[in-house]
$ cat my_file-v1.cif   # mmCIF, C-alpha atoms and all ligand atoms
data_model
loop_
_atom_site.label_atom_id
_atom_site.label_comp_id
_atom_site.auth_asym_id
_atom_site.auth_seq_id
_atom_site.Cartn_x
_atom_site.Cartn_y
_atom_site.Cartn_z
CA MET A 157 41.39 81.04 137.44
CA PRO A 158 40.00 83.90 139.55
CA ALA A 159 41.33 87.24 138.28
CA MET A 160 43.79 88.68 140.82
CA LYS A 161 42.13 88.31 144.22
CA ASP A 162 41.42 91.60 146.05
CA TYR A 163 42.19 93.68 142.93
CA GLU A 164 40.39 97.03 142.66
CA PRO A 165 40.71 99.10 139.46
CA MET A 166 41.65 102.18 141.52
CA MET A 167 44.90 100.36 142.47
CA SER A 168 46.06 100.86 138.89
CA PHE A 169 45.58 104.65 138.85
CA GLY A 170 46.97 106.03 142.12
CA GLU A 171 49.36 108.96 142.53
CA ASP A 172 52.57 107.22 141.38
CA ILE A 173 50.94 105.94 138.23
CA ALA A 174 49.21 109.26 137.53
CA GLU A 175 52.64 110.92 137.64
CA MET A 176 53.94 108.35 135.17
CA TYR A 177 50.98 108.98 132.83
CA ARG A 178 51.36 112.78 133.09
CA ASP A 179 53.73 113.06 130.12
CA ALA A 180 53.24 109.61 128.60
CA LEU A 181 52.87 109.90 124.83
CA ARG A 182 52.54 107.11 122.28
CA GLY A 183 53.45 109.11 119.21
CA ASP A 184 50.11 108.84 117.41
CA GLU A 185 48.37 111.61 119.37
CA GLY A 186 48.42 114.09 116.45
CA ALA A 187 46.67 111.60 114.17
CA ALA A 188 44.19 110.61 116.90
CA VAL A 189 43.26 114.22 117.60
CA ALA A 190 42.82 115.02 113.88
CA PHE A 191 40.61 111.92 113.45
CA LEU A 192 38.45 112.82 116.47
CA GLU A 193 38.26 116.52 115.54
CA GLN A 194 36.75 115.62 112.19
CA LEU A 195 34.05 113.44 113.76
CA ALA A 196 33.36 115.91 116.57
CA ASP A 197 32.51 118.72 114.17
CA ARG A 198 33.24 121.20 117.00
CA GLY A 199 31.48 119.00 119.55
CA PRO A 200 30.44 118.72 122.17
CA ALA A 201 32.67 115.71 122.78
CA LEU A 202 33.00 113.47 125.83
CA GLU A 203 36.07 111.39 126.65
CA LEU A 204 35.37 108.35 128.83
CA ALA A 205 38.37 107.78 131.14
CA ILE A 206 39.96 111.12 130.24
CA GLY A 207 43.04 110.46 132.39
CA THR A 208 45.66 113.22 132.32
CA GLY A 209 44.27 114.72 129.11
CA ARG A 210 46.72 113.23 126.58
CA ILE A 211 44.00 113.42 123.88
CA ALA A 212 41.36 115.71 125.42
CA LEU A 213 43.68 118.71 125.90
CA PRO A 214 44.99 118.94 122.31
CA LEU A 215 41.46 118.26 121.02
CA ALA A 216 40.09 121.14 123.14
CA ALA A 217 42.96 123.34 121.95
CA ARG A 218 41.63 122.85 118.40
CA GLY A 219 38.30 124.42 119.36
CA VAL A 220 36.30 121.29 120.22
CA HIS A 221 34.30 121.52 123.45
CA VAL A 222 35.46 118.45 125.44
CA ASP A 223 34.11 117.07 128.74
CA GLY A 224 35.46 114.04 130.56
CA VAL A 225 34.71 111.25 133.01
CA ASP A 226 37.32 109.51 135.15
CA ILE A 227 37.35 107.48 138.32
CA SER A 228 40.80 108.55 139.57
CA PRO A 229 41.26 111.86 141.44
CA ALA A 230 45.04 111.46 141.00
CA MET A 231 44.74 111.30 137.20
CA ILE A 232 42.34 114.26 137.17
CA ALA A 233 44.75 116.27 139.35
CA GLN A 234 47.48 115.75 136.72
CA LEU A 235 45.06 116.93 134.01
CA ARG A 236 44.17 120.03 136.05
CA ALA A 237 47.86 120.92 136.46
CA LYS A 238 48.38 121.14 132.67
CA PRO A 239 47.67 124.29 130.62
CA GLY A 240 43.97 124.28 129.69
CA GLY A 241 43.26 121.51 132.21
CA ASP A 242 41.12 123.80 134.35
CA GLU A 243 38.75 124.54 131.49
CA ILE A 244 37.65 120.95 130.98
CA SER A 245 34.64 119.77 132.96
CA VAL A 246 35.41 116.36 134.44
CA THR A 247 32.90 114.18 136.30
CA VAL A 248 34.37 111.77 138.82
CA GLY A 249 32.70 108.40 138.34
CA ASP A 250 32.54 105.08 136.57
CA PHE A 251 32.52 105.57 132.81
CA ALA A 252 30.22 102.54 132.37
CA ASP A 253 27.52 104.81 133.84
CA VAL A 254 28.34 107.76 131.54
CA PRO A 255 27.42 109.94 134.54
CA VAL A 256 26.82 113.23 132.71
CA PRO A 257 23.75 115.15 131.55
CA GLY A 258 23.07 116.04 127.92
CA HIS A 259 23.98 114.72 124.49
CA TYR A 260 27.29 114.59 122.63
CA ARG A 261 28.21 114.64 118.96
CA LEU A 262 31.24 112.49 119.82
CA ILE A 263 31.98 110.12 122.70
CA PHE A 264 35.28 108.25 122.75
CA VAL A 265 37.25 105.76 124.83
CA VAL A 266 40.85 105.14 123.78
CA TRP A 267 44.02 103.28 124.77
CA ASN A 268 42.27 99.94 125.49
CA THR A 269 40.39 101.49 128.39
CA LEU A 270 37.09 99.79 127.51
CA PHE A 271 38.82 96.65 128.80
CA ASN A 272 39.24 98.23 132.24
CA LEU A 273 35.55 97.42 132.72
CA LEU A 274 35.97 93.93 134.08
CA THR A 275 32.75 92.21 133.05
CA GLN A 276 30.88 91.84 129.78
CA GLU A 277 27.86 93.26 131.57
CA ASP A 278 29.70 96.49 132.45
CA GLN A 279 31.01 96.82 128.91
CA VAL A 280 27.51 96.39 127.46
CA ARG A 281 26.13 98.84 130.05
CA CYS A 282 28.75 101.32 128.88
CA PHE A 283 27.52 101.00 125.27
CA GLU A 284 23.89 101.40 126.36
CA ASN A 285 24.67 104.53 128.36
CA VAL A 286 26.79 105.94 125.54
CA ALA A 287 23.86 105.42 123.11
CA ALA A 288 21.60 107.37 125.49
CA HIS A 289 24.02 110.33 125.41
CA LEU A 290 24.77 110.47 121.67
CA THR A 291 23.07 113.00 119.43
CA GLU A 292 21.04 111.48 116.58
CA ASN A 293 24.01 111.55 114.18
CA GLY A 294 26.65 111.21 116.91
CA SER A 295 29.67 108.85 116.87
CA PHE A 296 31.15 106.58 119.52
CA VAL A 297 34.83 105.82 118.89
CA VAL A 298 36.58 102.89 120.56
CA GLU A 299 40.33 102.30 120.29
CA ALA A 300 41.48 98.92 121.55
CA TYR A 301 44.06 96.22 120.89
CA VAL A 302 43.24 93.12 118.88
CA PRO A 303 43.74 90.17 121.27
CA ALA A 304 45.54 88.10 118.58
CA PHE A 305 48.88 88.51 120.42
CA LEU A 306 47.52 86.20 123.11
CA TYR A 307 47.66 83.29 120.63
CA ARG A 308 51.43 83.64 120.57
CA LEU A 309 51.96 83.33 124.33
CA ARG A 310 53.55 80.19 125.70
CA ASN A 311 51.49 78.72 128.57
CA ASP A 312 49.23 81.80 128.38
CA GLN A 313 51.76 83.99 130.19
CA TYR A 314 54.97 86.01 129.89
CA VAL A 315 57.61 87.83 131.88
CA GLU A 316 59.29 90.64 129.98
CA ALA A 317 62.31 92.70 131.05
CA GLU A 318 61.21 96.33 130.71
CA ALA A 319 64.44 97.80 132.14
CA ILE A 320 67.67 96.33 133.48
CA GLN A 321 69.76 98.94 135.24
CA VAL A 322 72.49 98.83 137.88
CA ASN A 323 70.09 99.97 140.61
CA GLU A 324 66.73 98.75 139.33
CA VAL A 325 65.13 95.96 137.33
CA ARG A 326 61.61 96.38 135.96
CA LEU A 327 59.57 93.39 134.85
CA ASP A 328 56.20 93.10 133.16
CA VAL A 329 54.42 89.92 134.32
CA LEU A 330 51.23 88.82 132.54
CA ARG A 331 48.86 85.87 132.58
CA HIS A 332 45.89 85.21 130.34
CA ASP A 333 42.74 83.16 130.95
CA MET A 334 41.01 82.29 127.71
CA ALA A 335 37.85 81.02 129.44
CA THR A 336 37.15 84.30 131.23
CA GLN A 337 38.87 86.63 128.73
CA MET A 338 40.77 88.13 131.64
CA ILE A 339 44.35 89.38 131.64
CA GLU A 340 46.17 89.80 134.94
CA GLU A 341 49.31 91.87 134.77
CA SER A 342 51.73 93.58 137.12
CA HIS A 343 54.63 95.89 136.45
CA VAL A 344 57.21 94.97 139.07
CA SER A 345 60.11 97.20 140.11
CA LEU A 346 62.99 95.65 142.10
CA SER A 347 65.53 98.04 143.61
CA ALA A 348 67.34 98.93 146.84
CA ALA A 349 64.20 100.90 147.77
CA GLY A 350 62.29 97.62 147.78
CA VAL A 351 59.69 95.96 145.58
CA ARG A 352 57.00 98.07 143.91
CA LEU A 353 53.98 96.48 142.20
CA ASN A 354 51.64 98.05 139.70
CA PRO A 355 48.78 95.58 139.17
CA VAL A 356 46.25 95.88 136.39
CA VAL A 357 43.44 93.56 135.31
CA GLN A 358 41.56 93.72 132.02
CA ARG A 359 38.67 91.91 130.41
CA TYR A 360 39.46 91.93 126.72
CA ALA A 361 37.03 91.46 123.83
CA TRP A 362 37.49 90.78 120.13
CA PRO A 363 36.23 93.43 117.71
CA SER A 364 33.33 91.14 116.76
CA GLU A 365 32.11 90.99 120.38
CA ILE A 366 32.41 94.77 120.70
CA ASP A 367 30.29 95.13 117.54
CA LEU A 368 27.58 92.99 119.15
CA MET A 369 27.69 95.15 122.29
CA ALA A 370 27.03 98.12 120.02
CA ARG A 371 24.08 96.35 118.40
CA ILE A 372 22.58 95.53 121.80
CA ALA A 373 22.73 99.26 122.48
CA GLY A 374 21.09 100.14 119.15
CA LEU A 375 24.33 101.25 117.46
CA ARG A 376 26.10 99.89 114.37
CA LEU A 377 29.67 99.74 113.20
CA LYS A 378 30.21 102.58 110.68
CA GLN A 379 33.98 102.45 110.19
CA ARG A 380 36.89 100.30 111.36
CA TRP A 381 40.53 101.24 110.88
CA GLY A 382 43.87 99.68 111.82
CA GLY A 383 45.25 103.02 113.12
CA TRP A 384 44.46 106.71 113.57
CA ASN A 385 45.78 107.53 110.09
CA ARG A 386 42.94 105.38 108.69
CA GLU A 387 45.24 102.45 107.97
CA ARG A 388 43.39 99.46 106.56
CA PHE A 389 42.14 97.06 109.24
CA ASP A 390 43.24 93.51 108.38
CA SER A 391 44.64 90.36 109.96
CA THR A 392 47.97 92.10 110.68
CA SER A 393 46.40 94.97 112.65
CA SER A 394 47.39 95.11 116.30
CA ILE A 395 44.80 97.77 117.20
CA HIS A 396 41.44 98.85 115.85
CA ILE A 397 39.73 102.21 115.75
CA SER A 398 36.01 101.50 115.54
CA VAL A 399 33.35 104.13 114.92
CA TYR A 400 29.76 103.36 115.96
CA GLY A 401 26.60 105.32 115.30
CA ARG A 402 22.87 104.87 114.83
C1 LIG B 501 45.36 104.12 130.36
S1 LIG B 501 44.63 105.52 131.12
C2 LIG B 501 44.10 106.38 129.67
C3 LIG B 501 43.84 107.84 129.90
C4 LIG B 501 43.49 108.63 128.64
N1 LIG B 501 42.24 108.18 128.05
C5 LIG B 501 44.60 108.55 127.60
O1 LIG B 501 44.37 108.00 126.52
O2 LIG B 501 45.69 109.03 127.87
C6 LIG B 501 43.14 104.80 131.75
C7 LIG B 501 42.23 105.76 132.53
O3 LIG B 501 40.99 105.09 132.78
C8 LIG B 501 40.50 105.48 134.05
N2 LIG B 501 39.55 104.47 134.45
C9 LIG B 501 39.75 103.13 134.58
N3 LIG B 501 38.60 102.50 134.90
C10 LIG B 501 37.65 103.47 134.97
C11 LIG B 501 36.26 103.46 135.23
N4 LIG B 501 35.61 102.32 135.47
N5 LIG B 501 35.59 104.63 135.20
C12 LIG B 501 36.22 105.80 134.94
N6 LIG B 501 37.54 105.86 134.67
C13 LIG B 501 38.24 104.73 134.68
C14 LIG B 501 41.75 105.58 134.89
O4 LIG B 501 41.56 106.34 136.05
C15 LIG B 501 42.73 106.21 133.88
O5 LIG B 501 42.68 107.60 133.97
#
$ encode --input "my_file-v1.cif" --output "structure tokens"
Amino acid sequence: MPAMKDYEPMMSFGEDIAEMYRDALRGDEGAAVAFLEQLADRGPALELAIGTGRIALPLAARGVHVDGVDISPAMIAQLRAKPGGDEISVTVGDFADVPVPGHYRLIFVVWNTLFNLLTQEDQVRCFENVAAHLTENGSFVVEAYVPAFLYRLRNDQYVEAEAIQVNEVRLDVLRHDMATQMIEESHVSLSAAGVRLNPVVQRYAWPSEIDLMARIAGLRLKQRWGGWNRERFDSTSSIHISVYGR
């Protein structure tokens, strides 16, 4: 199955979506920021795919010097519009390249965003470039989902009702290809205004594959948790927080 013909990652992070992400919170931001602050040891820190600053802004507010990389001018514009957003240096580019000078005590990529790199080669390249920008005792933190939920899908796909209102129905449509480790998804809005699509494609990886990417880049797994509050990682964990270093 070819993954969504004509898809470009930028389609997932245009102006409409950036506005939606502006105030999107998951509820575990406080714990995530405390976890990262401890590893950053005042920094400098670099967030790959910084987005609208959900994590970077509160981390910077705690005295950690934070820089960012992101590919979407619309997401960066939302970051800039927030208090403190002007003080963060953001490089526009592909985070697989880690297109920044210098070395960081902490580099992190959260909210499954590693999987927005659509090939294994790009994901490995990301690890190699991260390793080149980490200080000797620096940490690379990856937060991602555990793909176990895919085992429970019927026919490797689902359609989920996200909202059913009198004037709008929103559906989440997803299909999985085990052979390519690709997930194609679209959030579909149906209303009198018409049909709106929000496509997104991911290449997922199991934690074990991510650990091997780290080893290819000369890094090793130092810690793995099931959540930002250092919950135990076990077979019931839906996400993992993995910390890599030399
Ligand atoms: C789900 S948002 C997460 C934003 C932020 N890290 C957070 O946790 O709120 C994903 C972000 O990844 C960025 N992105 C996706 N692919 C990228 C790439 N190849 N290089 C740089 N940024 C990318 C998008 O523009 C978007 O801002």
$ residues_near_ligand --input "my_file-v1.cif" --ligand "ligand LIG 501 (chain B)" --cutoff "7 Å" --atoms "all atoms listed in the file" --output "tab-separated table (two decimals) with C-alpha atoms, in the frame of the given file"
chain	number	residue	atom	x	y	z
A	165	PRO	CA	40.71	99.10	139.46
A	166	MET	CA	41.65	102.18	141.52
A	169	PHE	CA	45.58	104.65	138.85
A	204	LEU	CA	35.37	108.35	128.83
A	205	ALA	CA	38.37	107.78	131.14
A	206	ILE	CA	39.96	111.12	130.24
A	207	GLY	CA	43.04	110.46	132.39
A	208	THR	CA	45.66	113.22	132.32
A	209	GLY	CA	44.27	114.72	129.11
A	210	ARG	CA	46.72	113.23	126.58
A	211	ILE	CA	44.00	113.42	123.88
A	225	VAL	CA	34.71	111.25	133.01
A	226	ASP	CA	37.32	109.51	135.15
A	227	ILE	CA	37.35	107.48	138.32
A	228	SER	CA	40.80	108.55	139.57
A	231	MET	CA	44.74	111.30	137.20
A	249	GLY	CA	32.70	108.40	138.34
A	250	ASP	CA	32.54	105.08	136.57
A	251	PHE	CA	32.52	105.57	132.81
A	252	ALA	CA	30.22	102.54	132.37
A	265	VAL	CA	37.25	105.76	124.83
A	266	VAL	CA	40.85	105.14	123.78
A	267	TRP	CA	44.02	103.28	124.77
A	269	THR	CA	40.39	101.49	128.39
A	272	ASN	CA	39.24	98.23	132.24
A	273	LEU	CA	35.55	97.42	132.72
$ closest_residue --input "my_file-v1.cif" --among "A:Asn293, A:Ser391, A:Met334, A:Asn323" --to "A:Leu346" --atoms "all atoms listed in the file"
A:Asn323
$ atom_distance --input "my_file-v1.cif" --atom1 "atom CA of A:Tyr177" --atom2 "atom CA of A:Pro214"
15.7 Å
$ atom_distance --input "my_file-v1.cif" --atom1 "atom CA of A:Glu175" --atom2 "atom CA of A:Ala233"
9.7 Å
$ atom_distance --input "my_file-v1.cif" --atom1 "atom CA of A:Gly199" --atom2 "atom CA of A:Gly241"
17.5 Å
$ residues_around --input "my_file-v1.cif" --residues "stretch 393-401 of chain A" --least-positions-apart "4" --cutoff "6 Å" --atoms "only C-alpha atoms" --output "MDAnalysis selection string"
chainID A and resid 295:302 375:382 389
$ write_last_selection --input "my_file-v1.cif" --atoms "C-alpha atoms" --output "mmCIF file, in the coordinates of the input"
data_model
loop_
_atom_site.group_PDB
_atom_site.id
_atom_site.type_symbol
_atom_site.label_atom_id
_atom_site.label_comp_id
_atom_site.auth_asym_id
_atom_site.auth_seq_id
_atom_site.Cartn_x
_atom_site.Cartn_y
_atom_site.Cartn_z
ATOM 1 C CA SER A 295 29.670 108.850 116.870
ATOM 2 C CA PHE A 296 31.150 106.580 119.520
ATOM 3 C CA VAL A 297 34.830 105.820 118.890
ATOM 4 C CA VAL A 298 36.580 102.890 120.560
ATOM 5 C CA GLU A 299 40.330 102.300 120.290
ATOM 6 C CA ALA A 300 41.480 98.920 121.550
ATOM 7 C CA TYR A 301 44.060 96.220 120.890
ATOM 8 C CA VAL A 302 43.240 93.120 118.880
ATOM 9 C CA LEU A 375 24.330 101.250 117.460
ATOM 10 C CA ARG A 376 26.100 99.890 114.370
ATOM 11 C CA LEU A 377 29.670 99.740 113.200
ATOM 12 C CA LYS A 378 30.210 102.580 110.680
ATOM 13 C CA GLN A 379 33.980 102.450 110.190
ATOM 14 C CA ARG A 380 36.890 100.300 111.360
ATOM 15 C CA TRP A 381 40.530 101.240 110.880
ATOM 16 C CA GLY A 382 43.870 99.680 111.820
ATOM 17 C CA PHE A 389 42.140 97.060 109.240
#
$ closest_residue --input "my_file-v1.cif" --among "A:Arg198, A:Arg261, A:His332, A:Arg386" --to "A:Asp184" --atoms "all atoms listed in the file"
A:Arg386
$ residues_around --input "my_file-v1.cif" --residues "A:Leu213" --least-positions-apart "3" --cutoff "10 Å" --atoms "only C-alpha atoms" --output "list of chain:residue names"
A:Val189, A:Ile206, A:Thr208, A:Gly209, A:Arg210, A:Ala216, A:Ala217, A:Arg218, A:Val220, A:Val222, A:Leu235, A:Lys238, A:Pro239, A:Gly240, A:Gly241, A:Glu243, A:Ile244
$ closest_residue --input "my_file-v1.cif" --among "A:Glu292, A:Glu341, A:Asp390, A:Glu171" --to "A:Pro363" --atoms "only C-alpha atoms"
A:Asp390
$ closest_residue --input "my_file-v1.cif" --among "A:Val256, A:Gln321, A:Thr275, A:Trp384" --to "A:Glu193" --atoms "all atoms listed in the file"
A:Trp384
$ residues_around --input "my_file-v1.cif" --residues "A:Ala319" --least-positions-apart "4" --cutoff "10 Å" --atoms "all atoms listed in the file" --output "MDAnalysis selection string"
chainID A and resid 324:328 345
$ closest_residue --input "my_file-v1.cif" --among "A:Ala317, A:Val246, A:Thr392, A:Phe264" --to "A:Phe305" --atoms "all atoms listed in the file"
A:Thr392
$ build_atoms --input "my_file-v1.cif" --residues "stretch 168-190 of chain A" --atoms "N, CA, C and O atoms" --output "PDB file, in the frame of the given file"
ATOM      1  N   SER A 168      45.236 100.666 140.084  1.00  0.00           N
ATOM      2  CA  SER A 168      46.060 100.860 138.890  1.00  0.00           C
ATOM      3  C   SER A 168      46.265 102.347 138.562  1.00  0.00           C
ATOM      4  O   SER A 168      47.029 102.669 137.661  1.00  0.00           O
ATOM      5  N   PHE A 169      45.529 103.238 139.246  1.00  0.00           N
ATOM      6  CA  PHE A 169      45.580 104.650 138.850  1.00  0.00           C
ATOM      7  C   PHE A 169      45.730 105.572 140.061  1.00  0.00           C
ATOM      8  O   PHE A 169      45.030 106.577 140.193  1.00  0.00           O
ATOM      9  N   GLY A 170      46.643 105.198 140.956  1.00  0.00           N
ATOM     10  CA  GLY A 170      46.970 106.030 142.120  1.00  0.00           C
ATOM     11  C   GLY A 170      47.973 107.110 141.744  1.00  0.00           C
ATOM     12  O   GLY A 170      48.276 107.335 140.564  1.00  0.00           O
ATOM     13  N   GLU A 171      48.525 107.775 142.789  1.00  0.00           N
ATOM     14  CA  GLU A 171      49.360 108.960 142.530  1.00  0.00           C
ATOM     15  C   GLU A 171      50.629 108.670 141.738  1.00  0.00           C
ATOM     16  O   GLU A 171      50.980 109.412 140.827  1.00  0.00           O
ATOM     17  N   ASP A 172      51.321 107.564 142.093  1.00  0.00           N
ATOM     18  CA  ASP A 172      52.570 107.220 141.380  1.00  0.00           C
ATOM     19  C   ASP A 172      52.320 107.023 139.897  1.00  0.00           C
ATOM     20  O   ASP A 172      53.067 107.493 139.044  1.00  0.00           O
ATOM     21  N   ILE A 173      51.238 106.288 139.615  1.00  0.00           N
ATOM     22  CA  ILE A 173      50.940 105.940 138.230  1.00  0.00           C
ATOM     23  C   ILE A 173      50.469 107.193 137.473  1.00  0.00           C
ATOM     24  O   ILE A 173      50.824 107.407 136.313  1.00  0.00           O
ATOM     25  N   ALA A 174      49.696 108.021 138.167  1.00  0.00           N
ATOM     26  CA  ALA A 174      49.210 109.260 137.530  1.00  0.00           C
ATOM     27  C   ALA A 174      50.406 110.125 137.128  1.00  0.00           C
ATOM     28  O   ALA A 174      50.408 110.753 136.068  1.00  0.00           O
ATOM     29  N   GLU A 175      51.441 110.135 137.963  1.00  0.00           N
ATOM     30  CA  GLU A 175      52.640 110.920 137.640  1.00  0.00           C
ATOM     31  C   GLU A 175      53.332 110.346 136.406  1.00  0.00           C
ATOM     32  O   GLU A 175      53.803 111.083 135.538  1.00  0.00           O
ATOM     33  N   MET A 176      53.332 109.018 136.331  1.00  0.00           N
ATOM     34  CA  MET A 176      53.940 108.350 135.170  1.00  0.00           C
ATOM     35  C   MET A 176      53.165 108.665 133.884  1.00  0.00           C
ATOM     36  O   MET A 176      53.740 108.868 132.829  1.00  0.00           O
ATOM     37  N   TYR A 177      51.824 108.718 133.999  1.00  0.00           N
ATOM     38  CA  TYR A 177      50.980 108.980 132.830  1.00  0.00           C
ATOM     39  C   TYR A 177      51.014 110.456 132.409  1.00  0.00           C
ATOM     40  O   TYR A 177      50.619 110.778 131.296  1.00  0.00           O
ATOM     41  N   ARG A 178      51.463 111.335 133.347  1.00  0.00           N
ATOM     42  CA  ARG A 178      51.360 112.780 133.090  1.00  0.00           C
ATOM     43  C   ARG A 178      51.903 113.155 131.717  1.00  0.00           C
ATOM     44  O   ARG A 178      51.260 113.842 130.938  1.00  0.00           O
ATOM     45  N   ASP A 179      53.103 112.673 131.389  1.00  0.00           N
ATOM     46  CA  ASP A 179      53.730 113.060 130.120  1.00  0.00           C
ATOM     47  C   ASP A 179      53.839 111.884 129.157  1.00  0.00           C
ATOM     48  O   ASP A 179      54.595 111.952 128.192  1.00  0.00           O
ATOM     49  N   ALA A 180      53.115 110.802 129.449  1.00  0.00           N
ATOM     50  CA  ALA A 180      53.240 109.610 128.600  1.00  0.00           C
ATOM     51  C   ALA A 180      52.591 109.857 127.242  1.00  0.00           C
ATOM     52  O   ALA A 180      51.406 110.176 127.157  1.00  0.00           O
ATOM     53  N   LEU A 181      53.396 109.744 126.192  1.00  0.00           N
ATOM     54  CA  LEU A 181      52.870 109.900 124.830  1.00  0.00           C
ATOM     55  C   LEU A 181      53.178 108.644 124.051  1.00  0.00           C
ATOM     56  O   LEU A 181      54.181 107.982 124.294  1.00  0.00           O
ATOM     57  N   ARG A 182      52.316 108.310 123.092  1.00  0.00           N
ATOM     58  CA  ARG A 182      52.540 107.110 122.280  1.00  0.00           C
ATOM     59  C   ARG A 182      53.088 107.434 120.912  1.00  0.00           C
ATOM     60  O   ARG A 182      53.555 106.560 120.194  1.00  0.00           O
ATOM     61  N   GLY A 183      52.929 108.706 120.517  1.00  0.00           N
ATOM     62  CA  GLY A 183      53.450 109.110 119.210  1.00  0.00           C
ATOM     63  C   GLY A 183      52.368 109.268 118.152  1.00  0.00           C
ATOM     64  O   GLY A 183      52.597 109.903 117.127  1.00  0.00           O
ATOM     65  N   ASP A 184      51.178 108.711 118.420  1.00  0.00           N
ATOM     66  CA  ASP A 184      50.110 108.840 117.410  1.00  0.00           C
ATOM     67  C   ASP A 184      49.027 109.827 117.860  1.00  0.00           C
ATOM     68  O   ASP A 184      47.915 109.832 117.322  1.00  0.00           O
ATOM     69  N   GLU A 185      49.374 110.675 118.837  1.00  0.00           N
ATOM     70  CA  GLU A 185      48.370 111.610 119.370  1.00  0.00           C
ATOM     71  C   GLU A 185      47.879 112.596 118.314  1.00  0.00           C
ATOM     72  O   GLU A 185      46.686 112.897 118.242  1.00  0.00           O
ATOM     73  N   GLY A 186      48.802 113.103 117.482  1.00  0.00           N
ATOM     74  CA  GLY A 186      48.420 114.090 116.450  1.00  0.00           C
ATOM     75  C   GLY A 186      47.370 113.498 115.527  1.00  0.00           C
ATOM     76  O   GLY A 186      46.340 114.126 115.231  1.00  0.00           O
ATOM     77  N   ALA A 187      47.613 112.267 115.078  1.00  0.00           N
ATOM     78  CA  ALA A 187      46.670 111.600 114.170  1.00  0.00           C
ATOM     79  C   ALA A 187      45.353 111.317 114.881  1.00  0.00           C
ATOM     80  O   ALA A 187      44.273 111.479 114.297  1.00  0.00           O
ATOM     81  N   ALA A 188      45.424 110.916 116.141  1.00  0.00           N
ATOM     82  CA  ALA A 188      44.190 110.610 116.900  1.00  0.00           C
ATOM     83  C   ALA A 188      43.344 111.863 117.047  1.00  0.00           C
ATOM     84  O   ALA A 188      42.126 111.838 116.839  1.00  0.00           O
ATOM     85  N   VAL A 189      44.000 112.967 117.377  1.00  0.00           N
ATOM     86  CA  VAL A 189      43.260 114.220 117.600  1.00  0.00           C
ATOM     87  C   VAL A 189      42.641 114.706 116.284  1.00  0.00           C
ATOM     88  O   VAL A 189      41.471 115.128 116.255  1.00  0.00           O
ATOM     89  N   ALA A 190      43.369 114.591 115.185  1.00  0.00           N
ATOM     90  CA  ALA A 190      42.820 115.020 113.880  1.00  0.00           C
ATOM     91  C   ALA A 190      41.607 114.157 113.512  1.00  0.00           C
ATOM     92  O   ALA A 190      40.588 114.663 113.041  1.00  0.00           O
TER      93      ALA A 190
END
